[in-house]
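Asks: File input_23.txt follows (compact mmCIF, C-alpha atoms):
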# COMPACT_ATOMS: atom_id res chain seq x y z
CA MET Q 1083 -17.45 -14.89 -9.19
CA ASP Q 1084 -16.53 -15.68 -12.80
CA SER Q 1085 -13.42 -15.87 -14.95
CA THR Q 1086 -12.93 -12.06 -14.98
CA THR Q 1087 -13.09 -11.68 -11.22
CA ARG Q 1088 -11.65 -14.95 -9.95
CA PRO Q 1089 -7.94 -14.03 -10.29
CA ALA Q 1090 -8.63 -10.67 -8.61
CA VAL Q 1091 -10.41 -12.33 -5.70
CA ARG Q 1092 -7.65 -14.90 -5.33
CA ASP Q 1093 -4.94 -12.22 -5.24
CA GLY Q 1094 -6.98 -10.15 -2.82
CA LEU Q 1095 -7.50 -13.00 -0.40
CA GLY Q 1096 -3.80 -13.84 -0.60
CA VAL Q 1097 -2.76 -10.31 0.29
CA GLY Q 1098 -5.44 -9.99 2.94
CA PHE Q 1099 -4.46 -13.11 4.81
CA ALA Q 1100 -0.70 -12.84 4.37
CA VAL Q 1101 -0.41 -9.16 5.33
CA GLY Q 1102 -3.17 -9.38 7.92
CA LEU Q 1103 -1.10 -11.88 9.87
CA SER Q 1104 1.30 -9.05 10.71
CA GLY Q 1105 -1.43 -7.72 12.95
CA VAL Q 1106 0.02 -10.02 15.60
CA ALA Q 1107 3.16 -7.87 15.60
CA PHE Q 1108 1.10 -4.74 16.07
CA GLY Q 1109 -0.93 -6.22 18.92
CA ALA Q 1110 2.24 -7.29 20.70
CA ALA Q 1111 3.94 -3.93 20.13
CA ALA Q 1112 0.89 -2.03 21.39
CA VAL Q 1113 0.69 -3.94 24.66
CA ALA Q 1114 4.46 -3.72 25.12
CA ALA Q 1115 4.10 0.05 24.72
CA GLY Q 1116 1.62 0.17 27.58
CA LEU Q 1117 -1.74 0.05 25.80
CA SER Q 1118 -4.42 -2.23 27.16
CA VAL Q 1119 -5.72 -5.11 25.04
CA ALA Q 1120 -8.94 -3.14 24.46
CA GLN Q 1121 -6.97 -0.07 23.36
CA ALA Q 1122 -4.84 -2.09 20.95
CA CYS Q 1123 -7.95 -3.60 19.37
CA ALA Q 1124 -9.77 -0.26 19.27
CA LEU Q 1125 -6.87 1.31 17.41
CA SER Q 1126 -6.77 -1.48 14.81
CA LEU Q 1127 -10.52 -1.20 14.30
CA ALA Q 1128 -10.68 2.60 14.20
CA ALA Q 1129 -7.48 3.64 12.44
CA PHE Q 1130 -7.11 0.46 10.36
CA SER Q 1131 -3.86 1.68 8.87
CA GLY Q 1132 -0.71 -0.15 9.90
CA ALA Q 1133 1.78 2.67 9.52
CA SER Q 1134 -0.33 5.13 11.52
CA GLN Q 1135 -0.96 2.58 14.26
CA PHE Q 1136 2.72 1.72 14.69
CA ALA Q 1137 3.57 5.43 14.73
CA LEU Q 1138 1.15 6.23 17.55
CA VAL Q 1139 2.22 3.21 19.56
CA GLY Q 1140 5.85 4.24 19.12
CA VAL Q 1141 5.08 7.63 20.64
CA VAL Q 1142 3.17 6.05 23.53
CA ALA Q 1143 6.08 3.68 24.15
CA GLY Q 1144 8.56 6.54 24.18
CA GLY Q 1145 6.40 8.59 26.53
CA GLY Q 1146 6.09 11.29 23.90
CA ASN Q 1147 3.45 13.97 23.55
CA LEU Q 1148 0.16 12.30 22.65
CA ILE Q 1149 -1.18 15.27 20.67
CA ALA Q 1150 1.91 15.30 18.46
CA GLY Q 1151 1.78 11.52 18.29
CA ALA Q 1152 -1.83 11.48 17.11
CA LEU Q 1153 -1.14 14.24 14.60
CA GLY Q 1154 1.87 12.42 13.18
CA ALA Q 1155 -0.10 9.19 12.93
CA VAL Q 1156 -2.91 10.95 11.07
CA LEU Q 1157 -0.51 12.63 8.65
CA LEU Q 1158 0.85 9.20 7.75
CA GLY Q 1159 -2.62 8.39 6.52
CA GLY Q 1160 -2.31 11.13 3.90
CA ARG Q 1161 -1.41 8.71 1.18
CA ASN Q 1162 -4.82 7.08 1.55
CA THR Q 1163 -6.36 10.34 0.30
CA LEU Q 1164 -4.37 9.99 -2.90
CA TYR Q 1165 -5.44 6.35 -3.19
CA GLY Q 1166 -9.08 7.35 -2.80
CA LEU Q 1167 -8.76 9.93 -5.53
CA ARG Q 1168 -7.45 7.24 -7.83
CA LEU Q 1169 -10.04 4.60 -6.88
CA ALA Q 1170 -13.22 6.69 -6.53
CA GLU Q 1171 -14.30 6.38 -10.14
CA ALA Q 1172 -13.69 2.64 -10.43
CA LEU Q 1173 -15.39 1.86 -7.11
CA GLY Q 1174 -18.34 4.13 -7.93
CA VAL Q 1175 -19.75 4.28 -4.40
CA ARG Q 1176 -22.17 6.89 -3.04
CA GLY Q 1177 -23.85 7.73 0.25
CA TRP Q 1178 -23.46 5.28 3.13
CA ARG Q 1179 -21.62 2.83 0.91
CA ARG Q 1180 -18.98 5.48 0.31
CA ALA Q 1181 -18.74 6.17 4.04
CA LEU Q 1182 -18.17 2.47 4.63
CA THR Q 1183 -15.79 1.99 1.72
CA ALA Q 1184 -13.56 4.87 2.81
CA HIS Q 1185 -12.46 2.95 5.90
CA VAL Q 1186 -10.76 0.26 3.81
CA VAL Q 1187 -8.94 2.50 1.30
CA ILE Q 1188 -5.39 1.51 2.26
CA ASP Q 1189 -2.11 0.35 0.68
CA GLU Q 1190 -3.13 -3.27 0.25
CA THR Q 1191 -6.60 -2.74 -1.22
CA THR Q 1192 -5.22 -0.10 -3.60
CA ALA Q 1193 -2.36 -2.34 -4.68
CA VAL Q 1194 -4.70 -5.21 -5.58
CA ALA Q 1195 -7.40 -2.99 -7.12
CA THR Q 1196 -5.03 -1.03 -9.37
CA ALA Q 1197 -3.36 -4.23 -10.58
CA GLN Q 1198 -6.61 -5.40 -12.22
CA ASP Q 1199 -7.96 -4.72 -15.68
CA GLY Q 1200 -11.52 -3.51 -15.96
CA ARG Q 1201 -13.98 -2.19 -13.43
CA ARG Q 1202 -15.46 -5.52 -12.32
CA ALA Q 1203 -12.10 -7.08 -11.55
CA THR Q 1204 -10.97 -3.87 -9.84
CA ARG Q 1205 -13.96 -3.93 -7.52
CA ALA Q 1206 -13.69 -7.65 -6.88
CA GLY Q 1207 -10.00 -7.35 -6.00
CA PHE Q 1208 -10.62 -4.33 -3.79
CA TRP Q 1209 -13.37 -6.00 -1.76
CA ALA Q 1210 -11.71 -9.39 -1.48
CA THR Q 1211 -8.64 -7.66 -0.04
CA ALA Q 1212 -10.64 -5.29 2.15
CA ILE Q 1213 -12.77 -7.92 3.84
CA SER Q 1214 -10.02 -10.47 4.36
CA ILE Q 1215 -7.44 -8.02 5.65
CA PHE Q 1216 -9.93 -6.28 7.96
CA ILE Q 1217 -10.89 -9.55 9.61
CA VAL Q 1218 -7.40 -11.05 9.78
CA TRP Q 1219 -5.65 -7.83 10.88
CA ASN Q 1220 -8.09 -7.26 13.74
CA VAL Q 1221 -8.19 -10.88 14.92
CA MET Q 1222 -4.39 -11.03 14.85
CA THR Q 1223 -4.17 -7.74 16.75
CA LEU Q 1224 -6.25 -9.31 19.50
CA LEU Q 1225 -4.13 -12.47 19.53
CA GLY Q 1226 -0.91 -10.47 19.55
CA ALA Q 1227 -2.18 -8.28 22.37
CA LEU Q 1228 -3.17 -11.35 24.37
CA GLY Q 1229 0.36 -12.65 24.12
CA ALA Q 1230 0.28 -14.96 21.12
CA SER Q 1231 3.54 -13.35 20.03
CA ARG Q 1232 5.20 -15.55 22.67
CA LEU Q 1233 4.66 -18.33 20.12
CA GLY Q 1234 7.33 -16.59 18.15
CA ASN Q 1235 8.39 -13.44 16.41
CA PRO Q 1236 6.47 -13.06 13.09
CA ASP Q 1237 9.82 -12.40 11.43
CA THR Q 1238 10.76 -16.01 12.18
CA TYR Q 1239 8.18 -17.05 9.60
CA GLY Q 1240 9.41 -14.54 7.06
CA LEU Q 1241 6.26 -12.43 7.37
CA ASP Q 1242 8.26 -9.22 7.14
CA VAL Q 1243 9.04 -9.92 3.48
CA VAL Q 1244 5.43 -10.73 2.54
CA GLY Q 1245 4.34 -7.06 2.37
CA PRO Q 1246 7.16 -5.90 0.08
CA ALA Q 1247 6.90 -9.05 -2.06
CA ALA Q 1248 3.15 -8.58 -2.45
CA PHE Q 1249 3.43 -4.90 -3.42
CA LEU Q 1250 6.20 -5.71 -5.88
CA ALA Q 1251 4.24 -8.56 -7.45
CA LEU Q 1252 1.18 -6.34 -7.85
CA LEU Q 1253 3.23 -3.53 -9.41
CA TRP Q 1254 5.12 -5.90 -11.68
CA PRO Q 1255 2.83 -5.87 -14.75
CA ARG Q 1256 2.73 -2.07 -14.75
CA LEU Q 1257 6.50 -1.82 -14.38
CA ARG Q 1258 6.97 -4.24 -17.27
CA SER Q 1259 4.68 -2.43 -19.64
CA GLY Q 1260 5.27 1.24 -18.98
CA ALA Q 1261 8.42 3.33 -19.36
CA ALA Q 1262 6.84 6.17 -17.39
CA GLU Q 1263 5.94 3.72 -14.60
CA ARG Q 1264 9.52 2.47 -14.42
CA ARG Q 1265 10.83 6.03 -14.30
CA VAL Q 1266 8.41 6.90 -11.49
CA ALA Q 1267 9.29 3.74 -9.56
CA VAL Q 1268 13.04 4.31 -9.73
CA LEU Q 1269 12.69 7.93 -8.67
CA ALA Q 1270 10.32 7.00 -5.84
CA ALA Q 1271 12.78 4.39 -4.57
CA LEU Q 1272 15.63 6.92 -4.64
CA VAL Q 1273 13.57 9.55 -2.81
CA ALA Q 1274 12.58 7.02 -0.13
CA ILE Q 1275 16.14 5.78 0.41
CA ALA Q 1276 17.67 9.24 0.42
CA THR Q 1277 15.21 10.69 2.92
CA THR Q 1278 14.83 7.72 5.29
CA PRO Q 1279 17.81 8.70 7.49
CA LEU Q 1280 16.68 12.33 7.56
CA LEU Q 1281 12.95 12.23 8.30
CA PRO Q 1282 10.62 10.49 10.76
CA PRO Q 1283 9.41 7.06 9.62
CA GLY Q 1284 6.49 7.24 7.22
CA ILE Q 1285 7.30 10.66 5.79
CA PRO Q 1286 9.77 9.34 3.15
CA VAL Q 1287 7.04 7.16 1.62
CA MET Q 1288 4.63 10.09 1.40
CA LEU Q 1289 7.34 12.30 -0.05
CA ALA Q 1290 7.89 9.71 -2.78
CA ALA Q 1291 4.53 10.77 -4.23
CA VAL Q 1292 6.35 13.63 -5.94
CA ALA Q 1293 8.05 10.99 -8.09
CA ALA Q 1294 4.70 10.54 -9.83
CA LEU Q 1295 5.22 13.99 -11.32
CA ALA Q 1296 8.12 12.56 -13.31
CA GLY Q 1297 5.64 10.49 -15.25
CA VAL Q 1298 3.40 13.46 -15.88
CA SER Q 1299 5.68 16.29 -16.86
CA ARG Q 1300 7.13 14.39 -19.79
CA HIS Q 1301 3.79 12.99 -20.74
CA ARG Q 1302 2.28 15.21 -23.42
CA PRO Q 1303 -1.28 16.11 -22.52
CA ARG Q 1304 -3.55 14.25 -24.91
CA ASP Q 1305 -5.77 16.64 -26.76
CA ALA Q 1306 -8.81 14.78 -28.01
CA ALA Q 1307 -9.08 17.12 -30.99
CA GLY Q 1308 -5.37 17.07 -31.68
CA PRO Q 1309 -4.47 16.37 -35.30
CA GLU Q 1310 -1.29 14.50 -34.41
CA PRO Q 1311 -1.84 10.74 -34.29
CA GLU Q 1312 0.18 8.88 -31.65
CA PRO Q 1313 2.69 6.50 -33.23
CA VAL Q 1314 1.38 3.10 -32.30
CA LEU Q 1315 4.31 0.74 -32.69
CA THR Q 1316 7.39 2.82 -32.10
CA GLY Q 1317 6.13 5.00 -29.25
CA GLY Q 1318 6.96 8.66 -28.87
CA PRO Q 1319 10.50 9.86 -29.55
CA GLY Q 1320 12.62 9.07 -26.53
CA GLU Q 1321 9.57 8.07 -24.55
CA GLU Q 1322 10.13 4.33 -24.52
CA ARG Q 1323 13.90 4.36 -24.31
CA SER Q 1324 14.50 6.38 -21.18
CA MET R 535 -4.20 13.88 26.95
CA ASN R 536 -5.76 10.56 27.78
CA VAL R 537 -4.62 7.63 25.63
CA TRP R 538 -8.21 6.84 24.68
CA ILE R 539 -8.66 10.35 23.29
CA ALA R 540 -5.45 9.99 21.29
CA LEU R 541 -6.68 6.67 19.89
CA LEU R 542 -10.03 8.14 18.96
CA ALA R 543 -8.47 11.23 17.37
CA THR R 544 -6.11 9.07 15.34
CA GLY R 545 -8.96 6.86 14.16
CA LEU R 546 -11.12 9.82 13.17
CA GLY R 547 -8.24 11.62 11.46
CA CYS R 548 -7.22 8.55 9.47
CA TYR R 549 -10.82 7.98 8.45
CA GLY R 550 -11.27 11.60 7.42
CA LEU R 551 -8.25 11.47 5.13
CA LYS R 552 -9.48 8.24 3.52
CA LEU R 553 -12.93 9.69 2.95
CA ALA R 554 -11.50 12.92 1.53
CA GLY R 555 -10.02 11.07 -1.43
CA LEU R 556 -13.34 9.46 -2.28
CA VAL R 557 -15.40 12.64 -2.04
CA VAL R 558 -13.14 14.94 -4.06
CA PRO R 559 -15.21 15.89 -7.12
CA GLN R 560 -14.10 13.71 -10.00
CA ARG R 561 -13.96 16.84 -12.15
CA VAL R 562 -10.42 17.41 -10.91
CA LEU R 563 -9.50 14.34 -12.95
CA ASP R 564 -10.76 16.00 -16.14
CA ASP R 565 -7.33 17.52 -16.52
CA PRO R 566 -5.33 14.73 -18.20
CA ARG R 567 -2.19 15.63 -16.28
CA ILE R 568 -3.91 15.35 -12.90
CA ARG R 569 -5.51 12.08 -14.02
CA ARG R 570 -2.13 10.74 -15.07
CA PHE R 571 -0.63 11.87 -11.75
CA SER R 572 -3.37 10.08 -9.81
CA GLU R 573 -2.71 6.92 -11.83
CA LEU R 574 1.00 7.05 -11.09
CA VAL R 575 0.77 7.93 -7.39
CA PRO R 576 0.12 4.33 -6.31
CA VAL R 577 3.15 3.22 -8.35
CA ALA R 578 5.34 5.76 -6.55
CA LEU R 579 4.00 5.12 -3.05
CA LEU R 580 3.93 1.33 -3.29
CA THR R 581 7.46 1.25 -4.73
CA ALA R 582 8.64 3.45 -1.87
CA LEU R 583 6.91 1.09 0.57
CA VAL R 584 8.69 -1.91 -0.95
CA VAL R 585 12.04 -0.15 -0.56
CA VAL R 586 11.42 1.14 2.97
CA GLN R 587 9.96 -2.12 4.27
CA THR R 588 12.90 -4.01 2.82
CA LEU R 589 15.78 -1.70 3.68
CA ALA R 590 14.77 0.51 6.60
CA SER R 591 14.42 -0.03 10.30
CA GLY R 592 13.12 3.24 11.69
CA ARG R 593 15.50 5.89 10.43
CA THR R 594 18.41 3.58 9.76
CA LEU R 595 19.03 1.72 6.54
CA GLU R 596 19.91 -1.88 7.27
CA LEU R 597 20.76 -4.80 5.03
CA ASP R 598 18.90 -7.76 6.48
CA ALA R 599 20.28 -10.67 4.44
CA PRO R 600 17.33 -13.09 4.83
CA ARG R 601 14.82 -10.39 3.93
CA LEU R 602 16.85 -9.21 0.91
CA ALA R 603 17.21 -12.81 -0.23
CA GLY R 604 13.46 -13.30 0.14
CA LEU R 605 12.72 -10.26 -2.01
CA ALA R 606 15.30 -11.38 -4.58
CA ALA R 607 13.57 -14.75 -4.70
CA ALA R 608 10.28 -12.93 -5.29
CA VAL R 609 11.84 -11.08 -8.24
CA ILE R 610 13.12 -14.34 -9.73
CA ALA R 611 9.70 -15.93 -9.25
CA LEU R 612 8.10 -12.95 -11.01
CA LEU R 613 10.56 -13.19 -13.89
CA LEU R 614 9.59 -16.86 -14.20
CA ARG R 615 5.95 -15.74 -14.29
CA ALA R 616 5.06 -17.60 -11.12
CA PRO R 617 1.50 -17.10 -9.79
CA PHE R 618 1.05 -14.39 -7.18
CA LEU R 619 0.65 -16.65 -4.16
CA VAL R 620 3.70 -18.67 -5.19
CA VAL R 621 5.71 -15.44 -5.24
CA LEU R 622 4.68 -14.66 -1.65
CA LEU R 623 5.30 -18.21 -0.51
CA VAL R 624 8.77 -18.42 -2.09
CA ALA R 625 9.79 -15.10 -0.53
CA ALA R 626 8.55 -15.95 2.96
CA ALA R 627 9.91 -19.51 2.85
CA LEU R 628 13.42 -18.45 1.85
CA THR R 629 13.52 -15.65 4.45
CA ALA R 630 12.23 -17.98 7.18
CA GLY R 631 14.58 -20.76 6.09
CA LEU R 632 17.66 -18.54 6.16
CA ARG R 633 16.74 -17.26 9.62
CA LEU R 634 16.26 -20.81 10.81
CA LEU R 635 19.80 -21.52 9.62
CA GLY R 636 20.97 -18.49 11.54
CA VAL R 637 21.97 -16.35 8.55
Is it possible to express this structure as structure tokens?

Replies:
Amino acid sequence: MDSTTRPAVRDGLGVGFAVGLSGVAFGAAAVAAGLSVAQACALSLAAFSGASQFALVGVVAGGGNLIAGALGAVLLGGRNTLYGLRLAEALGVRGWRRALTAHVVIDETTAVATAQDGRRATRAGFWATAISIFIVWNVMTLLGALGASRLGNPDTYGLDVVGPAAFLALLWPRLRSGAAERRVAVLAALVAIATTPLLPPGIPVMLAAVAALAGVSRHRPRDAAGPEPEPVLTGGPGEERS
Amino acid sequence: MNVWIALLATGLGCYGLKLAGLVVPQRVLDDPRIRRFSELVPVALLTALVVVQTLASGRTLELDAPRLAGLAAAVIALLLRAPFLVVLLVAAALTAGLRLLGV
């Protein structure tokens, strides 16, 4: 670890521990839904994707169709495909390393990795988050399943705001610096709010991916051979003001 | 279907989707518009997560005062350029404190 990677590692460990603690809520919810302790832990280890896990457990709790439940839970993982597409180049993993890395391509690791500048910091942030959240999430799942939630609802400690606060903090520099990013973020928020009452949980977030198109369509494709130099200080006409 | 099979299928499916993103040939990113889209997707999805995790409970939108206050405190901390962990701590502490007071 050196000065380029230290902040990334620190942020990653912070997210990993803080968000991983919510695993206690999952463990408790899983057992309350009728899963055994072993099943709760197996799901955290194998799916390792909070939204998908809660979705499946919700179906089990409601006595719903397990095939539909599993399918819905898997579809919720669709955003991880988009994250992988974004991260593949920076992570630069091949073979068995890639097979291993894939398991930890999730919201939190992507948020920390994409908030860093440069490949070394990106990788350091990704792995610091991945390792810490994998350990903490799975240990807390076990504790929650064993009944540690009787010590108190995680919400009592304000843990429910840690996830949103962490994602917002990690997005912050990009939202400050880019007009296209701000446009995408506002549109994504509107899509998510508007569709939440209409669609099953998890789908609104995935649907918000279309908001990313708003940053692309108005972004002129850069032609390397193009004769037109980009204005450096003023930005493109209308581009920075919207 | 046995619960164990459902768990296994969910795990495999989630893993497959994660792996798919990493194995897509990077040539698809040669198109600058697709590259730009892939750069902006995390911004869109993570923003949507912030909004949903703050405002939604299942399919209903709810205004949970302690949680909203916690996120507002995080925004103020960010505007004051507080370090990352301080932002998380301020948000969680205010939310927990307000709940303790019964808000």

Asks: If the cut-off is 7 Å, can you tell me the residues of chain R near chain Q, counting only C-alpha atoms? I'd like them as a ChimeraX atom specification.

Replies: /R:535,540-541,543-545,547-549,551-556,558,566-567,570-588,592-594,601,604-605,608,612,618-619,622,625-627,629-630,633

Asks: Limited to C-alpha atoms, could you put the picked residues into a file as a PDB file, in the frame of the given file?

Replies:
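Contents of the output file part_4.pdb:
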ATOM      1  CA  MET R 535      -4.200  13.880  26.950  1.00  0.00           C
ATOM      2  CA  ALA R 540      -5.450   9.990  21.290  1.00  0.00           C
ATOM      3  CA  LEU R 541      -6.680   6.670  19.890  1.00  0.00           C
ATOM      4  CA  ALA R 543      -8.470  11.230  17.370  1.00  0.00           C
ATOM      5  CA  THR R 544      -6.110   9.070  15.340  1.00  0.00           C
ATOM      6  CA  GLY R 545      -8.960   6.860  14.160  1.00  0.00           C
ATOM      7  CA  GLY R 547      -8.240  11.620  11.460  1.00  0.00           C
ATOM      8  CA  CYS R 548      -7.220   8.550   9.470  1.00  0.00           C
ATOM      9  CA  TYR R 549     -10.820   7.980   8.450  1.00  0.00           C
ATOM     10  CA  LEU R 551      -8.250  11.470   5.130  1.00  0.00           C
ATOM     11  CA  LYS R 552      -9.480   8.240   3.520  1.00  0.00           C
ATOM     12  CA  LEU R 553     -12.930   9.690   2.950  1.00  0.00           C
ATOM     13  CA  ALA R 554     -11.500  12.920   1.530  1.00  0.00           C
ATOM     14  CA  GLY R 555     -10.020  11.070  -1.430  1.00  0.00           C
ATOM     15  CA  LEU R 556     -13.340   9.460  -2.280  1.00  0.00           C
ATOM     16  CA  VAL R 558     -13.140  14.940  -4.060  1.00  0.00           C
ATOM     17  CA  PRO R 566      -5.330  14.730 -18.200  1.00  0.00           C
ATOM     18  CA  ARG R 567      -2.190  15.630 -16.280  1.00  0.00           C
ATOM     19  CA  ARG R 570      -2.130  10.740 -15.070  1.00  0.00           C
ATOM     20  CA  PHE R 571      -0.630  11.870 -11.750  1.00  0.00           C
ATOM     21  CA  SER R 572      -3.370  10.080  -9.810  1.00  0.00           C
ATOM     22  CA  GLU R 573      -2.710   6.920 -11.830  1.00  0.00           C
ATOM     23  CA  LEU R 574       1.000   7.050 -11.090  1.00  0.00           C
ATOM     24  CA  VAL R 575       0.770   7.930  -7.390  1.00  0.00           C
ATOM     25  CA  PRO R 576       0.120   4.330  -6.310  1.00  0.00           C
ATOM     26  CA  VAL R 577       3.150   3.220  -8.350  1.00  0.00           C
ATOM     27  CA  ALA R 578       5.340   5.760  -6.550  1.00  0.00           C
ATOM     28  CA  LEU R 579       4.000   5.120  -3.050  1.00  0.00           C
ATOM     29  CA  LEU R 580       3.930   1.330  -3.290  1.00  0.00           C
ATOM     30  CA  THR R 581       7.460   1.250  -4.730  1.00  0.00           C
ATOM     31  CA  ALA R 582       8.640   3.450  -1.870  1.00  0.00           C
ATOM     32  CA  LEU R 583       6.910   1.090   0.570  1.00  0.00           C
ATOM     33  CA  VAL R 584       8.690  -1.910  -0.950  1.00  0.00           C
ATOM     34  CA  VAL R 585      12.040  -0.150  -0.560  1.00  0.00           C
ATOM     35  CA  VAL R 586      11.420   1.140   2.970  1.00  0.00           C
ATOM     36  CA  GLN R 587       9.960  -2.120   4.270  1.00  0.00           C
ATOM     37  CA  THR R 588      12.900  -4.010   2.820  1.00  0.00           C
ATOM     38  CA  GLY R 592      13.120   3.240  11.690  1.00  0.00           C
ATOM     39  CA  ARG R 593      15.500   5.890  10.430  1.00  0.00           C
ATOM     40  CA  THR R 594      18.410   3.580   9.760  1.00  0.00           C
ATOM     41  CA  ARG R 601      14.820 -10.390   3.930  1.00  0.00           C
ATOM     42  CA  GLY R 604      13.460 -13.300   0.140  1.00  0.00           C
ATOM     43  CA  LEU R 605      12.720 -10.260  -2.010  1.00  0.00           C
ATOM     44  CA  ALA R 608      10.280 -12.930  -5.290  1.00  0.00           C
ATOM     45  CA  LEU R 612       8.100 -12.950 -11.010  1.00  0.00           C
ATOM     46  CA  PHE R 618       1.050 -14.390  -7.180  1.00  0.00           C
ATOM     47  CA  LEU R 619       0.650 -16.650  -4.160  1.00  0.00           C
ATOM     48  CA  LEU R 622       4.680 -14.660  -1.650  1.00  0.00           C
ATOM     49  CA  ALA R 625       9.790 -15.100  -0.530  1.00  0.00           C
ATOM     50  CA  ALA R 626       8.550 -15.950   2.960  1.00  0.00           C
ATOM     51  CA  ALA R 627       9.910 -19.510   2.850  1.00  0.00           C
ATOM     52  CA  THR R 629      13.520 -15.650   4.450  1.00  0.00           C
ATOM     53  CA  ALA R 630      12.230 -17.980   7.180  1.00  0.00           C
ATOM     54  CA  ARG R 633      16.740 -17.260   9.620  1.00  0.00           C
TER      55      ARG R 633
END

Asks: May I have the residues at most 6 Å from (-6.9, -4.5, -3.1) in the file's coordinates, counting all atoms listed in the file, as a list of chain:residue names?

Replies: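 With a cut-off of 6 Å, the residues come to Q:Gly1094, Q:Glu1190, Q:Thr1191, Q:Thr1192, Q:Ala1193, Q:Val1194, Q:Ala1195, Q:Gly1207, Q:Phe1208, Q:Thr1211.
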
Asks: One decimal, Å: what's the distance from atom CA of Ala607 of chain R over to atom CA of Leu628 of chain R, could you say?

Replies: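 Separation of atom CA of Ala607 of chain R and atom CA of Leu628 of chain R: 7.5 Å.
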
Asks: Could you state the separation of atom CA of Ala1110 of chain Q and atom CA of Val637 of chain R in Å, given to one decimal place?

Replies: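 If I compute the distance from atom CA of Ala1110 of chain Q to atom CA of Val637 of chain R, I get 24.9 Å.
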
Asks: Using Å and a single decimal, report how far atom CA of Ala1112 of chain Q sits from atom CA of Asn1220 of chain Q.

Replies: 12.9 Å
